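Have a look at the structure below, then the notes.
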Amino acid sequence: MDSIDEIKEELIEESSNKKRIIKIVLTILFIIFITVFYARFLGTKGLVVKEYAIKTTHLDEYYDGFKIVHFSDLHYGSTIFIDDVKKLVKKINSEEPHVVVFTGDLIDKDFKLSENDATSLRGELSKINPDIEVLAVKGNHDYEHDYFNSLIDELGWHYLDNTYEYLYHESKKPIIFVGLDDLLKGTPDYQNAFSYLNEIGSNHYTIVLAHEPDQIKEINNYDFNLYLAGHSHLGQVRLPLIGAIYTPVGSKKYYDEHYKVSNADLYINGGIGTSSIKFRLFNKPSINLYRFYTK
């Protein structure tokens, strides 16, 4: 009888263990499902404003409170469509920026923009209304189709293609914006981009706009104060305590929010849309707001 009872107890325990294992497996599968669902449908929506204080003695008092909104990697047609763009434009304008900068990848390379899409997108982006101007540079996806140049021209944004612009704010001393061509698909011309040095020298606050953050390594012989980039999406999918689990070529060395590189500050915008995989985890779509303090 004892042996029969022992067998029964073993069978009961075995059955209990099987149920426990099934519960664990089902729980893990449920967690995976919820995580994937969130990353695909919830993590890719919404919009975060990340504000950074830019403290400098290189600008006069008239630039105290000067604001730049930086957005990048719209990747229209990936996980971002016209209703998302409407919210983006509204959020940008609500910050009342003096200047708006865009650092590439306007349309996703895998999306075919119809005429209706182009009209709607142009109509919404044209509502971005900074006090001074919108400046833009190309990203690698912008070389996969012909939409970028025509849209930028129609929007009246200033496309900085290996060139520069002086922008003034109630002061006789400008901020110089330098725009670099895309590192992966374009033809960067650093000598031309920084040719203003032959005109007025290096004693001016300079902001470099580029798509890939790693391109900063190519211009370490030039003086500049601020470098704004995109491309990395800050990893797009991030894990607690680990951070970005993958970043594309062009953002292997620099891919997080902020770095100090020599005497310059490098800030990377996390982007709006998605690339390659349509997921975002612990990394909501975002725009950057840089507020200047000169006092």
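As shown in the structure tokens, the chain order sets the letters A, B, ...; within each chain, residues go from 1, and ligands are also counted from 1 in the order they appear.
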
Excluding same-chain residues fewer than 3 positions from Tyr293 (chain A), what lies within 8 Å of it counting only C-alpha atoms, as a list in words? Ala53, Ile54, Lys55, Thr56, Tyr63, Asp64, Gly65 and Phe66 of chain A

Same residues, N, CA, C and O atoms, saved as a short mmCIF file (atom, residue, chain, number, x, y, z; two decimals), in the first residue's frame:
```cif
data_model
loop_
_atom_site.label_atom_id
_atom_site.label_comp_id
_atom_site.auth_asym_id
_atom_site.auth_seq_id
_atom_site.Cartn_x
_atom_site.Cartn_y
_atom_site.Cartn_z
N ALA A 53 19.20 72.71 -21.72
CA ALA A 53 19.70 74.07 -21.49
C ALA A 53 21.07 74.20 -22.14
O ALA A 53 21.98 73.41 -21.86
N ILE A 54 21.21 75.20 -23.00
CA ILE A 54 22.48 75.47 -23.66
C ILE A 54 23.06 76.74 -23.03
O ILE A 54 22.60 77.85 -23.30
N LYS A 55 24.04 76.56 -22.18
CA LYS A 55 24.66 77.69 -21.50
C LYS A 55 25.94 78.08 -22.24
O LYS A 55 26.81 77.23 -22.46
N THR A 56 26.03 79.35 -22.61
CA THR A 56 27.18 79.79 -23.39
C THR A 56 27.54 81.24 -23.11
O THR A 56 26.66 82.05 -22.82
N TYR A 63 20.56 86.85 -27.06
CA TYR A 63 20.22 85.45 -27.34
C TYR A 63 19.78 84.70 -26.08
O TYR A 63 19.52 83.50 -26.15
N ASP A 64 19.70 85.39 -24.97
CA ASP A 64 19.22 84.74 -23.76
C ASP A 64 17.75 84.36 -23.94
O ASP A 64 16.91 85.23 -24.22
N GLY A 65 17.42 83.09 -23.81
CA GLY A 65 16.06 82.62 -24.05
C GLY A 65 15.79 82.19 -25.47
O GLY A 65 14.68 81.74 -25.79
N PHE A 66 16.79 82.28 -26.32
CA PHE A 66 16.66 81.85 -27.71
C PHE A 66 16.32 80.36 -27.74
O PHE A 66 16.89 79.55 -27.00
#
```

Apply DSSP to the structure's backbone, then extract all residues of region 29-146 of chain A labelled strand (DSSP E) and return them as an MDAnalysis selection string. chainID A and resid 48:55 67:71 99:102 133:136

Proximity to Leu184 (chain A) - best of A:Ala210, A:Leu125, A:Leu160, A:Ile4, only C-alpha atoms: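 The shortest atom-to-atom distance to Leu184 (chain A) comes from A:Ala210.
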
When distances are computed from only C-alpha atoms, which of A:Phe30, A:Phe102, A:Tyr76, A:Phe71 shows the smallest separation from Val48 (chain A)?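 Closest to Val48 (chain A) of all the choices is A:Phe71.
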
Of the residues A:Val261, A:Ile245, A:Leu239, A:Val99, which is the one nearest to Asp223 (chain A), using only C-alpha atoms?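 Residue with the minimum atom-to-atom distance to Asp223 (chain A): A:Val261.
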
Name all residues at most 12 Å from Thr119 (chain A) (count only C-alpha atoms; drop same-chain ones fewer than 3 positions away) and give them as number ranges by chain. A: 82, 113-116, 122-126, 147, 150-151, 154-155

Next, dump the selected residues to file, keeping only N, CA, C and O atoms, as a PDB file, in the first residue's frame.
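The resulting part-v5.pdb:
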```
ATOM      1  N   ILE A  82      -0.437  61.157 -41.578  1.00  0.00           N
ATOM      2  CA  ILE A  82      -0.793  62.576 -41.561  1.00  0.00           C
ATOM      3  C   ILE A  82      -1.342  63.036 -40.214  1.00  0.00           C
ATOM      4  O   ILE A  82      -1.059  64.168 -39.773  1.00  0.00           O
ATOM      5  N   LEU A 113       5.181  57.742 -51.966  1.00  0.00           N
ATOM      6  CA  LEU A 113       4.354  58.899 -51.653  1.00  0.00           C
ATOM      7  C   LEU A 113       3.434  59.214 -52.825  1.00  0.00           C
ATOM      8  O   LEU A 113       3.895  59.531 -53.930  1.00  0.00           O
ATOM      9  N   SER A 114       2.126  59.125 -52.613  1.00  0.00           N
ATOM     10  CA  SER A 114       1.166  59.483 -53.661  1.00  0.00           C
ATOM     11  C   SER A 114       1.025  60.997 -53.728  1.00  0.00           C
ATOM     12  O   SER A 114       1.489  61.723 -52.847  1.00  0.00           O
ATOM     13  N   GLU A 115       0.380  61.468 -54.759  1.00  0.00           N
ATOM     14  CA  GLU A 115       0.177  62.915 -54.895  1.00  0.00           C
ATOM     15  C   GLU A 115      -0.686  63.441 -53.762  1.00  0.00           C
ATOM     16  O   GLU A 115      -0.456  64.539 -53.242  1.00  0.00           O
ATOM     17  N   ASN A 116      -1.686  62.666 -53.349  1.00  0.00           N
ATOM     18  CA  ASN A 116      -2.531  63.078 -52.222  1.00  0.00           C
ATOM     19  C   ASN A 116      -1.723  63.123 -50.926  1.00  0.00           C
ATOM     20  O   ASN A 116      -1.888  64.044 -50.107  1.00  0.00           O
ATOM     21  N   ARG A 122       2.648  68.279 -47.313  1.00  0.00           N
ATOM     22  CA  ARG A 122       3.096  69.642 -47.572  1.00  0.00           C
ATOM     23  C   ARG A 122       2.214  70.651 -46.839  1.00  0.00           C
ATOM     24  O   ARG A 122       2.700  71.618 -46.251  1.00  0.00           O
ATOM     25  N   GLY A 123       0.904  70.405 -46.859  1.00  0.00           N
ATOM     26  CA  GLY A 123      -0.029  71.313 -46.197  1.00  0.00           C
ATOM     27  C   GLY A 123       0.201  71.403 -44.704  1.00  0.00           C
ATOM     28  O   GLY A 123       0.130  72.493 -44.116  1.00  0.00           O
ATOM     29  N   GLU A 124       0.495  70.270 -44.067  1.00  0.00           N
ATOM     30  CA  GLU A 124       0.709  70.279 -42.619  1.00  0.00           C
ATOM     31  C   GLU A 124       2.074  70.840 -42.246  1.00  0.00           C
ATOM     32  O   GLU A 124       2.197  71.667 -41.338  1.00  0.00           O
ATOM     33  N   LEU A 125       3.126  70.396 -42.930  1.00  0.00           N
ATOM     34  CA  LEU A 125       4.469  70.867 -42.592  1.00  0.00           C
ATOM     35  C   LEU A 125       4.628  72.363 -42.848  1.00  0.00           C
ATOM     36  O   LEU A 125       5.447  73.028 -42.197  1.00  0.00           O
ATOM     37  N   SER A 126       3.842  72.892 -43.780  1.00  0.00           N
ATOM     38  CA  SER A 126       3.912  74.332 -44.063  1.00  0.00           C
ATOM     39  C   SER A 126       3.403  75.171 -42.900  1.00  0.00           C
ATOM     40  O   SER A 126       3.642  76.387 -42.848  1.00  0.00           O
ATOM     41  N   TYR A 147      11.468  62.902 -53.509  1.00  0.00           N
ATOM     42  CA  TYR A 147      10.499  63.730 -52.798  1.00  0.00           C
ATOM     43  C   TYR A 147      11.142  64.874 -52.032  1.00  0.00           C
ATOM     44  O   TYR A 147      10.569  65.954 -51.914  1.00  0.00           O
ATOM     45  N   SER A 150      11.888  68.509 -53.808  1.00  0.00           N
ATOM     46  CA  SER A 150      10.676  69.222 -54.238  1.00  0.00           C
ATOM     47  C   SER A 150       9.850  69.668 -53.034  1.00  0.00           C
ATOM     48  O   SER A 150       9.337  70.801 -53.008  1.00  0.00           O
ATOM     49  N   LEU A 151       9.729  68.805 -52.026  1.00  0.00           N
ATOM     50  CA  LEU A 151       8.952  69.178 -50.834  1.00  0.00           C
ATOM     51  C   LEU A 151       9.609  70.327 -50.085  1.00  0.00           C
ATOM     52  O   LEU A 151       8.934  71.278 -49.661  1.00  0.00           O
ATOM     53  N   GLU A 154       9.051  73.554 -51.954  1.00  0.00           N
ATOM     54  CA  GLU A 154       7.656  74.022 -51.848  1.00  0.00           C
ATOM     55  C   GLU A 154       7.345  74.537 -50.449  1.00  0.00           C
ATOM     56  O   GLU A 154       6.527  75.448 -50.285  1.00  0.00           O
ATOM     57  N   LEU A 155       7.994  73.955 -49.449  1.00  0.00           N
ATOM     58  CA  LEU A 155       7.768  74.397 -48.065  1.00  0.00           C
ATOM     59  C   LEU A 155       8.496  75.702 -47.755  1.00  0.00           C
ATOM     60  O   LEU A 155       8.154  76.387 -46.791  1.00  0.00           O
TER      61      LEU A 155
END
```

Rank nothing, just name the residue among A:Leu47, A:Ala118, A:Ile175, A:Ile12 nearest to Lys87 (chain A), using only C-alpha atoms. A:Leu47

Sorted by chain and rising residue number, list the residues of region 51-106 of chain A at most 10 Å from region 264-282 of chain A (counting only C-alpha atoms), each with its closest atom pair and distance in Å to one decimal, as a tab-separated table.
```
residue	atom	partner	partner_atom	distance
A:Tyr52	CA	A:Tyr267	CA	9.2
A:Ile54	CA	A:Asp265	CA	9.0
A:His70	CA	A:Asn269	CA	7.1
A:Phe71	CA	A:Asn269	CA	6.5
A:Ser72	CA	A:Gly271	CA	4.9
A:Asp73	CA	A:Gly271	CA	4.7
A:Leu74	CA	A:Ile272	CA	4.8
A:His75	CA	A:Gly273	CA	4.9
A:Tyr76	CA	A:Gly273	CA	6.7
A:Gly77	CA	A:Gly273	CA	8.3
A:Ser78	CA	A:Thr274	CA	6.0
A:Thr79	CA	A:Gly273	CA	5.7
A:Ile80	CA	A:Gly273	CA	5.5
A:Phe81	CA	A:Gly273	CA	9.2
A:Asp84	CA	A:Ile272	CA	9.1
A:Val85	CA	A:Ile272	CA	9.3
A:Leu88	CA	A:Ile272	CA	8.7
A:Phe102	CA	A:Asn269	CA	9.8
A:Thr103	CA	A:Asn269	CA	8.7
A:Gly104	CA	A:Gly271	CA	9.6
A:Asp105	CA	A:Gly271	CA	9.3
A:Leu106	CA	A:Gly273	CA	9.4
```

Go ahead and save the picked residues with N, CA, C and O atoms, as a PDB file, in the first residue's frame.
```
ATOM      1  N   TYR A  52      16.683  70.882 -23.342  1.00  0.00           N
ATOM      2  CA  TYR A  52      18.077  70.968 -22.932  1.00  0.00           C
ATOM      3  C   TYR A  52      18.473  72.433 -22.778  1.00  0.00           C
ATOM      4  O   TYR A  52      18.121  73.268 -23.616  1.00  0.00           O
ATOM      5  N   ILE A  54      21.206  75.201 -23.005  1.00  0.00           N
ATOM      6  CA  ILE A  54      22.481  75.471 -23.663  1.00  0.00           C
ATOM      7  C   ILE A  54      23.060  76.738 -23.034  1.00  0.00           C
ATOM      8  O   ILE A  54      22.600  77.848 -23.302  1.00  0.00           O
ATOM      9  N   HIS A  70      14.322  70.972 -32.577  1.00  0.00           N
ATOM     10  CA  HIS A  70      15.031  70.037 -33.452  1.00  0.00           C
ATOM     11  C   HIS A  70      14.193  68.771 -33.606  1.00  0.00           C
ATOM     12  O   HIS A  70      13.870  68.104 -32.620  1.00  0.00           O
ATOM     13  N   PHE A  71      13.806  68.451 -34.851  1.00  0.00           N
ATOM     14  CA  PHE A  71      13.169  67.161 -35.080  1.00  0.00           C
ATOM     15  C   PHE A  71      13.876  66.450 -36.228  1.00  0.00           C
ATOM     16  O   PHE A  71      14.574  67.068 -37.032  1.00  0.00           O
ATOM     17  N   SER A  72      13.724  65.138 -36.269  1.00  0.00           N
ATOM     18  CA  SER A  72      14.498  64.343 -37.207  1.00  0.00           C
ATOM     19  C   SER A  72      13.783  63.036 -37.494  1.00  0.00           C
ATOM     20  O   SER A  72      12.872  62.632 -36.763  1.00  0.00           O
ATOM     21  N   ASP A  73      14.180  62.386 -38.579  1.00  0.00           N
ATOM     22  CA  ASP A  73      13.736  61.024 -38.876  1.00  0.00           C
ATOM     23  C   ASP A  73      12.216  60.873 -38.787  1.00  0.00           C
ATOM     24  O   ASP A  73      11.700  60.040 -38.054  1.00  0.00           O
ATOM     25  N   LEU A  74      11.529  61.710 -39.559  1.00  0.00           N
ATOM     26  CA  LEU A  74      10.071  61.606 -39.613  1.00  0.00           C
ATOM     27  C   LEU A  74       9.671  60.247 -40.173  1.00  0.00           C
ATOM     28  O   LEU A  74       8.711  59.632 -39.713  1.00  0.00           O
ATOM     29  N   HIS A  75      10.396  59.779 -41.176  1.00  0.00           N
ATOM     30  CA  HIS A  75      10.107  58.482 -41.807  1.00  0.00           C
ATOM     31  C   HIS A  75       8.614  58.347 -42.104  1.00  0.00           C
ATOM     32  O   HIS A  75       7.977  57.348 -41.733  1.00  0.00           O
ATOM     33  N   TYR A  76       8.095  59.363 -42.779  1.00  0.00           N
ATOM     34  CA  TYR A  76       6.673  59.338 -43.119  1.00  0.00           C
ATOM     35  C   TYR A  76       6.362  58.065 -43.911  1.00  0.00           C
ATOM     36  O   TYR A  76       7.062  57.703 -44.852  1.00  0.00           O
ATOM     37  N   GLY A  77       5.292  57.390 -43.506  1.00  0.00           N
ATOM     38  CA  GLY A  77       4.900  56.148 -44.171  1.00  0.00           C
ATOM     39  C   GLY A  77       5.360  54.901 -43.452  1.00  0.00           C
ATOM     40  O   GLY A  77       5.007  53.793 -43.842  1.00  0.00           O
ATOM     41  N   SER A  78       6.163  55.073 -42.403  1.00  0.00           N
ATOM     42  CA  SER A  78       6.579  53.911 -41.607  1.00  0.00           C
ATOM     43  C   SER A  78       5.502  53.651 -40.560  1.00  0.00           C
ATOM     44  O   SER A  78       4.586  52.864 -40.766  1.00  0.00           O
ATOM     45  N   THR A  79       5.617  54.310 -39.430  1.00  0.00           N
ATOM     46  CA  THR A  79       4.566  54.272 -38.402  1.00  0.00           C
ATOM     47  C   THR A  79       3.954  55.652 -38.216  1.00  0.00           C
ATOM     48  O   THR A  79       3.153  55.857 -37.301  1.00  0.00           O
ATOM     49  N   ILE A  80       4.339  56.594 -39.066  1.00  0.00           N
ATOM     50  CA  ILE A  80       3.884  57.979 -38.978  1.00  0.00           C
ATOM     51  C   ILE A  80       3.097  58.351 -40.227  1.00  0.00           C
ATOM     52  O   ILE A  80       3.581  58.175 -41.357  1.00  0.00           O
ATOM     53  N   PHE A  81       1.884  58.886 -39.982  1.00  0.00           N
ATOM     54  CA  PHE A  81       1.045  59.312 -41.100  1.00  0.00           C
ATOM     55  C   PHE A  81       0.492  60.703 -40.791  1.00  0.00           C
ATOM     56  O   PHE A  81       0.917  61.343 -39.841  1.00  0.00           O
ATOM     57  N   ASP A  84      -0.444  61.993 -37.315  1.00  0.00           N
ATOM     58  CA  ASP A  84       0.722  62.146 -36.446  1.00  0.00           C
ATOM     59  C   ASP A  84       1.472  63.432 -36.771  1.00  0.00           C
ATOM     60  O   ASP A  84       1.983  64.110 -35.879  1.00  0.00           O
ATOM     61  N   VAL A  85       1.552  63.761 -38.055  1.00  0.00           N
ATOM     62  CA  VAL A  85       2.229  64.991 -38.472  1.00  0.00           C
ATOM     63  C   VAL A  85       1.486  66.213 -37.946  1.00  0.00           C
ATOM     64  O   VAL A  85       2.099  67.197 -37.523  1.00  0.00           O
ATOM     65  N   LEU A  88       2.491  66.620 -34.453  1.00  0.00           N
ATOM     66  CA  LEU A  88       3.881  67.069 -34.411  1.00  0.00           C
ATOM     67  C   LEU A  88       3.981  68.568 -34.653  1.00  0.00           C
ATOM     68  O   LEU A  88       4.648  69.287 -33.901  1.00  0.00           O
ATOM     69  N   PHE A 102      15.608  70.527 -39.018  1.00  0.00           N
ATOM     70  CA  PHE A 102      15.261  69.142 -39.355  1.00  0.00           C
ATOM     71  C   PHE A 102      16.521  68.458 -39.866  1.00  0.00           C
ATOM     72  O   PHE A 102      17.175  68.945 -40.788  1.00  0.00           O
ATOM     73  N   THR A 103      16.866  67.294 -39.278  1.00  0.00           N
ATOM     74  CA  THR A 103      18.126  66.643 -39.631  1.00  0.00           C
ATOM     75  C   THR A 103      17.938  65.319 -40.377  1.00  0.00           C
ATOM     76  O   THR A 103      18.633  64.342 -40.120  1.00  0.00           O
ATOM     77  N   GLY A 104      17.024  65.310 -41.337  1.00  0.00           N
ATOM     78  CA  GLY A 104      17.000  64.247 -42.315  1.00  0.00           C
ATOM     79  C   GLY A 104      16.049  63.091 -42.114  1.00  0.00           C
ATOM     80  O   GLY A 104      15.522  62.854 -41.038  1.00  0.00           O
ATOM     81  N   ASP A 105      15.837  62.350 -43.212  1.00  0.00           N
ATOM     82  CA  ASP A 105      14.921  61.219 -43.341  1.00  0.00           C
ATOM     83  C   ASP A 105      13.473  61.679 -43.210  1.00  0.00           C
ATOM     84  O   ASP A 105      12.776  61.367 -42.244  1.00  0.00           O
ATOM     85  N   LEU A 106      13.045  62.390 -44.228  1.00  0.00           N
ATOM     86  CA  LEU A 106      11.685  62.930 -44.253  1.00  0.00           C
ATOM     87  C   LEU A 106      10.662  61.851 -44.579  1.00  0.00           C
ATOM     88  O   LEU A 106       9.663  61.688 -43.880  1.00  0.00           O
TER      89      LEU A 106
END
```

Can you tell me, as a VMD selection string, what residues are no more than 12 Å from region 190-202 of chain A when counting only C-alpha atoms, ignoring any on the same chain fewer than 2 positions away? chain A and resid 58 160 to 166 173 to 183 187 to 188 204 to 210 215 to 225

Restricting it to N, CA, C and O atoms, dump the selection as a short mmCIF file (atom, residue, chain, number, x, y, z; two decimals), in the first residue's frame.
```cif
data_model
loop_
_atom_site.label_atom_id
_atom_site.label_comp_id
_atom_site.auth_asym_id
_atom_site.auth_seq_id
_atom_site.Cartn_x
_atom_site.Cartn_y
_atom_site.Cartn_z
N HIS A 58 29.49 82.63 -25.49
CA HIS A 58 29.90 83.02 -26.84
C HIS A 58 28.84 83.85 -27.56
O HIS A 58 29.07 84.33 -28.67
N LEU A 160 20.34 73.29 -46.28
CA LEU A 160 21.77 73.55 -46.17
C LEU A 160 22.54 72.35 -46.70
O LEU A 160 22.71 71.35 -46.01
N ASP A 161 22.98 72.45 -47.93
CA ASP A 161 23.67 71.37 -48.61
C ASP A 161 25.16 71.69 -48.69
O ASP A 161 25.61 72.33 -49.65
N ASN A 162 25.90 71.30 -47.68
CA ASN A 162 27.33 71.64 -47.59
C ASN A 162 27.54 73.15 -47.65
O ASN A 162 28.44 73.65 -48.33
N THR A 163 26.69 73.85 -46.94
CA THR A 163 26.80 75.30 -46.92
C THR A 163 26.38 75.82 -45.55
O THR A 163 26.17 75.05 -44.62
N TYR A 164 26.25 77.13 -45.43
CA TYR A 164 26.00 77.74 -44.13
C TYR A 164 25.05 78.92 -44.27
O TYR A 164 24.76 79.39 -45.36
N GLU A 165 24.57 79.38 -43.13
CA GLU A 165 23.72 80.58 -43.10
C GLU A 165 23.96 81.34 -41.80
O GLU A 165 24.15 80.73 -40.74
N TYR A 166 23.92 82.66 -41.88
CA TYR A 166 23.98 83.51 -40.69
C TYR A 166 22.54 83.83 -40.28
O TYR A 166 21.75 84.31 -41.08
N LYS A 173 25.47 90.29 -33.99
CA LYS A 173 26.33 89.10 -34.04
C LYS A 173 25.47 87.88 -34.35
O LYS A 173 24.51 87.58 -33.63
N PRO A 174 25.78 87.14 -35.42
CA PRO A 174 24.91 86.03 -35.80
C PRO A 174 25.27 84.72 -35.12
O PRO A 174 26.35 84.55 -34.56
N ILE A 175 24.32 83.77 -35.20
CA ILE A 175 24.63 82.37 -35.02
C ILE A 175 24.84 81.81 -36.41
O ILE A 175 24.07 82.08 -37.34
N ILE A 176 25.90 81.03 -36.60
CA ILE A 176 26.17 80.43 -37.89
C ILE A 176 25.69 78.99 -37.88
O ILE A 176 26.07 78.20 -37.01
N PHE A 177 24.81 78.66 -38.84
CA PHE A 177 24.34 77.29 -39.00
C PHE A 177 25.04 76.67 -40.20
O PHE A 177 24.99 77.22 -41.30
N VAL A 178 25.69 75.54 -39.98
CA VAL A 178 26.39 74.81 -41.04
C VAL A 178 25.63 73.50 -41.29
O VAL A 178 25.34 72.76 -40.35
N GLY A 179 25.30 73.22 -42.55
CA GLY A 179 24.59 71.99 -42.89
C GLY A 179 25.46 71.07 -43.72
O GLY A 179 26.02 71.48 -44.74
N LEU A 180 25.58 69.82 -43.29
CA LEU A 180 26.42 68.84 -43.99
C LEU A 180 25.57 67.85 -44.78
O LEU A 180 24.50 67.43 -44.33
N ASP A 181 26.08 67.47 -45.95
CA ASP A 181 25.41 66.44 -46.73
C ASP A 181 25.52 65.10 -46.02
O ASP A 181 26.41 64.89 -45.17
N ASP A 182 24.62 64.18 -46.37
CA ASP A 182 24.57 62.89 -45.71
C ASP A 182 25.87 62.11 -45.87
O ASP A 182 26.44 62.03 -46.96
N LEU A 183 26.32 61.52 -44.77
CA LEU A 183 27.59 60.80 -44.76
C LEU A 183 27.53 59.51 -45.56
O LEU A 183 28.50 59.13 -46.23
N THR A 187 27.50 63.45 -50.59
CA THR A 187 28.90 63.81 -50.86
C THR A 187 29.26 65.00 -49.98
O THR A 187 29.14 66.16 -50.41
N PRO A 188 29.67 64.75 -48.75
CA PRO A 188 30.01 65.86 -47.85
C PRO A 188 31.19 66.67 -48.41
O PRO A 188 32.15 66.11 -48.94
N HIS A 204 32.66 83.05 -33.80
CA HIS A 204 31.21 83.15 -33.84
C HIS A 204 30.61 81.82 -33.40
O HIS A 204 31.17 80.75 -33.68
N TYR A 205 29.47 81.89 -32.71
CA TYR A 205 28.81 80.67 -32.25
C TYR A 205 28.32 79.90 -33.48
O TYR A 205 27.58 80.42 -34.31
N THR A 206 28.73 78.63 -33.57
CA THR A 206 28.44 77.83 -34.77
C THR A 206 27.71 76.55 -34.39
O THR A 206 28.12 75.82 -33.48
N ILE A 207 26.62 76.28 -35.12
CA ILE A 207 25.83 75.07 -34.93
C ILE A 207 25.90 74.25 -36.22
O ILE A 207 25.61 74.75 -37.30
N VAL A 208 26.31 73.00 -36.10
CA VAL A 208 26.40 72.10 -37.24
C VAL A 208 25.18 71.19 -37.27
O VAL A 208 24.83 70.58 -36.25
N LEU A 209 24.54 71.11 -38.43
CA LEU A 209 23.41 70.20 -38.64
C LEU A 209 23.87 69.06 -39.53
O LEU A 209 24.43 69.29 -40.61
N ALA A 210 23.64 67.84 -39.10
CA ALA A 210 24.03 66.66 -39.88
C ALA A 210 23.06 65.53 -39.56
O ALA A 210 22.40 65.54 -38.53
N GLN A 215 29.43 61.48 -37.99
CA GLN A 215 30.10 62.39 -38.92
C GLN A 215 30.89 63.47 -38.20
O GLN A 215 31.77 64.11 -38.78
N ILE A 216 30.60 63.66 -36.93
CA ILE A 216 31.34 64.66 -36.15
C ILE A 216 32.83 64.35 -36.14
O ILE A 216 33.66 65.26 -36.02
N LYS A 217 33.19 63.07 -36.29
CA LYS A 217 34.60 62.69 -36.30
C LYS A 217 35.33 63.24 -37.53
O LYS A 217 36.56 63.39 -37.51
N GLU A 218 34.56 63.54 -38.59
CA GLU A 218 35.17 64.02 -39.83
C GLU A 218 35.48 65.51 -39.81
O GLU A 218 36.15 66.01 -40.72
N ILE A 219 34.98 66.22 -38.82
CA ILE A 219 35.14 67.68 -38.82
C ILE A 219 35.85 68.17 -37.56
O ILE A 219 35.65 69.30 -37.12
N ASN A 220 36.67 67.31 -36.98
CA ASN A 220 37.32 67.70 -35.73
C ASN A 220 38.40 68.76 -35.92
O ASN A 220 38.95 69.26 -34.94
N ASN A 221 38.71 69.11 -37.17
CA ASN A 221 39.67 70.18 -37.42
C ASN A 221 39.02 71.56 -37.48
O ASN A 221 39.72 72.57 -37.61
N TYR A 222 37.69 71.58 -37.39
CA TYR A 222 36.95 72.85 -37.46
C TYR A 222 36.42 73.22 -36.08
O TYR A 222 36.11 72.34 -35.26
N ASP A 223 36.27 74.52 -35.86
CA ASP A 223 35.71 75.00 -34.60
C ASP A 223 34.19 75.15 -34.73
O ASP A 223 33.70 75.81 -35.65
N PHE A 224 33.47 74.54 -33.81
CA PHE A 224 32.02 74.71 -33.74
C PHE A 224 31.60 74.44 -32.30
O PHE A 224 32.34 73.84 -31.52
N ASN A 225 30.41 74.88 -31.94
CA ASN A 225 29.96 74.80 -30.55
C ASN A 225 28.92 73.73 -30.30
O ASN A 225 28.86 73.15 -29.22
#
```

For the atom pair CA of Phe41 (chain A) and CA of Ile92 (chain A), what is the interatomic distance in Å to one decimal place?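 About the pair CA of Phe41 (chain A) and CA of Ile92 (chain A): they are 22.9 Å apart.
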
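CA of Ile287 (chain A) is positioned 16.5 Å from CA of Lys127 (chain A).
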
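Of the residues under consideration (A:Val100, A:Leu289, A:Val249, A:Leu167), A:Leu289 shows the shortest atom-to-atom contact distance to Val49 (chain A) when counting only C-alpha atoms.
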
Quick one: residues within 7 Å of Gly250 (chain A), only C-alpha atoms counted, chain neighbours fewer than 3 positions away excluded, as an MDAnalysis selection string? chainID A and resid 212:214

So, with only C-alpha atoms as the atoms that count, which of A:Asp60, A:Asp83, A:Glu14, A:Asp142 lies closest to His169 (chain A)?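 Smallest separation from His169 (chain A) among the options: A:Asp60.
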
Identify all residues of region 188-246 of chain A in alpha helix (DSSP H) (DSSP on the backbone) and supply them as a list of chain:residue names.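 Of region 188-246 of chain A, the ones in alpha helix (DSSP H) are A:Tyr190, A:Gln191, A:Asn192, A:Ala193, A:Leu197, A:Asn198, A:Glu199, A:Ile200.
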